[in-house]
Every structure is written in C-alpha cells, then in structure tokens.
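Structure, as structure tokens:
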Amino acid sequence: MKYVSLGLLVALNWGLVFPAFANNANFGKIILSPGFSPDKGKVTGYTGGSYPLSAISNRDRQGKPCIGFADTTPDHIMELKQDFSQLNIQVSSGQDTTILIQGPNNDTIRCGDDTGRNKDASIRDSKFKKGTYRIWVGIFNSGAKHNYTLTVEE
C-alpha cells in the first residue's frame, strides 16, 4: 500500500511539474487548414490560475521571456492540418495578457506579451509546422479571471 500511495503521489506531482504534456484543454480545440475561414480561427475563454508560465520555459525560441500566470492545463489545443508559412495569434481582453504556445513538439516554444501600445498579447511568427500546439493565455495577476477572445489569422 505504501508503494501504491508513493506511485500515485509521484504521478500527481508529475502532472503539476510537467503540464506541457497535457492533451486536453480548458476551452477546446482549434483545427485549421490553410485558407481557413475567420470564424474557424476565433475562440473564447477566460484567464485564471496561479501556475507561472515561466515554469514551462523561461524564454522562447527567439529569446523572448515567457511570463504571466495561467492554469496548468492549456487553455486551447490548436491542430494544424498542414504547415503554415506564417500565423498571427492575438488575444483580445482589454487586460494585460500574455501567451505561450508550445508545439508541435515540446521543445518549440513561442511567447508573447504586449502588442504595440495594446497590453493584450500576440504572437506573429513564421514556420508553423503541421501538428498539435498547446496554448496558454496568461495574466500578470495570479488567479485573476478576465474573459478574452483568441484570434488566429494567416
């Protein structure tokens, strides 16, 4: 019994330490193919959680810091059916948000913060490979809940 309890404890802690392996999402899945209609690239959710996004990665592949707080479970799963040469992912909440995108493998991280003078986060990047991406929308105040719309555009 002692070993079963220890194994369960290790498994539970593994999920807290390594949430990046989660395949479910708080607010569902986005499935996109090139030429997708605007409504296919738009989803809603709300911020919340006290998990520091820097625990997934301190910096992304371009050296940008990964900041903010979110839930351990990704907010959205984005499945790209084919490669995309460029995507723009924008958060719209009227708040100071952040974003972290992991995929299609666990080593590829993209992070975003303010968009120009707008405090909402965005990521505009190239070379999005076919595959599954996990998306966290963060906020600077741990646990703060704010509604948002996430928009993905080519």
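So you can find residues: chains in the structure tokens are A, B, ... in the order shown, residues in each start at 1, and ligands are numbered from 1 in order.
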Notebook entry, point to check: Out of region 9-146 of chain A, which residues get helix (DSSP H, G or I) from DSSP, as an MDAnalysis selection string?
Noted result: chainID A and resid 9:17 19:21 38:41 53:55
Next item on the list: Show which residues sit within 12 Å of Pro104 (chain A), as number ranges by chain. Count only C-alpha atoms, and ignore same-chain residues fewer than 6 positions away.
Entry: A: 20-21, 23, 77-83, 110, 127-135
Convert the current residue selection to file output with N, CA and C atoms, as a compact mmCIF listing (two decimals), in the first residue's frame.
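File written: again-v9.txt
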# COMPACT_ATOMS: atom_id res chain seq x y z
N ALA A 20 2.96 20.60 -19.62
CA ALA A 20 3.11 20.77 -21.06
C ALA A 20 2.76 19.52 -21.85
N PHE A 21 2.65 18.38 -21.19
CA PHE A 21 2.33 17.15 -21.89
C PHE A 21 0.83 16.92 -21.97
N ASN A 23 -2.93 16.81 -23.13
CA ASN A 23 -3.56 16.77 -24.45
C ASN A 23 -4.99 17.28 -24.42
N ILE A 77 -6.15 23.84 -27.49
CA ILE A 77 -5.32 22.97 -28.33
C ILE A 77 -5.56 23.41 -29.76
N MET A 78 -4.48 23.68 -30.49
CA MET A 78 -4.60 24.07 -31.89
C MET A 78 -3.95 22.97 -32.74
N GLU A 79 -4.73 22.41 -33.63
CA GLU A 79 -4.21 21.38 -34.53
C GLU A 79 -4.11 21.96 -35.93
N LEU A 80 -2.89 21.99 -36.45
CA LEU A 80 -2.65 22.46 -37.82
C LEU A 80 -2.57 21.24 -38.73
N LYS A 81 -3.44 21.19 -39.72
CA LYS A 81 -3.51 20.05 -40.64
C LYS A 81 -2.39 20.05 -41.67
N GLN A 82 -1.80 21.25 -41.91
CA GLN A 82 -0.68 21.40 -42.83
C GLN A 82 0.25 22.47 -42.28
N ASP A 83 1.43 22.60 -42.87
CA ASP A 83 2.35 23.67 -42.49
C ASP A 83 1.74 25.03 -42.86
N ARG A 110 6.82 29.45 -28.19
CA ARG A 110 6.65 30.83 -28.63
C ARG A 110 5.93 31.58 -27.51
N LYS A 127 6.81 29.82 -39.99
CA LYS A 127 7.17 28.40 -39.96
C LYS A 127 6.44 27.61 -38.88
N PHE A 128 5.13 27.66 -38.92
CA PHE A 128 4.32 26.81 -38.05
C PHE A 128 4.14 25.48 -38.76
N LYS A 129 4.73 24.44 -38.23
CA LYS A 129 4.68 23.11 -38.83
C LYS A 129 3.37 22.41 -38.50
N LYS A 130 2.96 21.51 -39.37
CA LYS A 130 1.80 20.65 -39.14
C LYS A 130 1.95 19.97 -37.79
N GLY A 131 0.85 19.92 -37.01
CA GLY A 131 0.91 19.23 -35.73
C GLY A 131 0.01 19.86 -34.68
N THR A 132 0.22 19.44 -33.45
CA THR A 132 -0.61 19.87 -32.32
C THR A 132 0.16 20.88 -31.46
N TYR A 133 -0.53 21.97 -31.14
CA TYR A 133 0.05 23.06 -30.34
C TYR A 133 -0.81 23.27 -29.10
N ARG A 134 -0.16 23.52 -27.97
CA ARG A 134 -0.85 23.83 -26.73
C ARG A 134 -0.71 25.34 -26.48
N ILE A 135 -1.83 25.98 -26.15
CA ILE A 135 -1.85 27.44 -25.98
C ILE A 135 -2.33 27.79 -24.58
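Across A:Gly138, A:Gly35, A:Gly103, A:Gly48, the tightest approach to Leu150 (chain A) is made by A:Gly138 when counting only C-alpha atoms.
Using only C-alpha atoms, the shortest contact distance between Lys29 (chain A) and any of A:His76, A:Lys42, A:Ser50, A:Lys64 is found at A:His76.
Pairwise distance (CA of Asn141 (chain A), CA of Asn105 (chain A)) equals 28.6 Å.
Within 12 Å of His146 (chain A), once only C-alpha atoms are used and residues closer than 3 positions along the same chain are dropped, the contacting residues are A:Thr44, A:Gly45, A:Tyr46, A:Thr47, A:Gly48, A:Gly49, A:Ala70, A:Val91, A:Ser92, A:Ser93, A:Gly94, A:Gln95, A:Asp96, A:Thr97, A:Asp120, A:Val137, A:Gly138, A:Ile139, A:Phe140, A:Asn141, A:Ser142, A:Gly143, A:Thr149.
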Check: Where in chain A does DSSP assign strand (DSSP E), given as number ranges by chain?
Finding: A: 29-32, 42-46, 51-52, 69-70, 76-80, 84-92, 97-102, 109-112, 114-115, 118-128, 131-139, 147-153
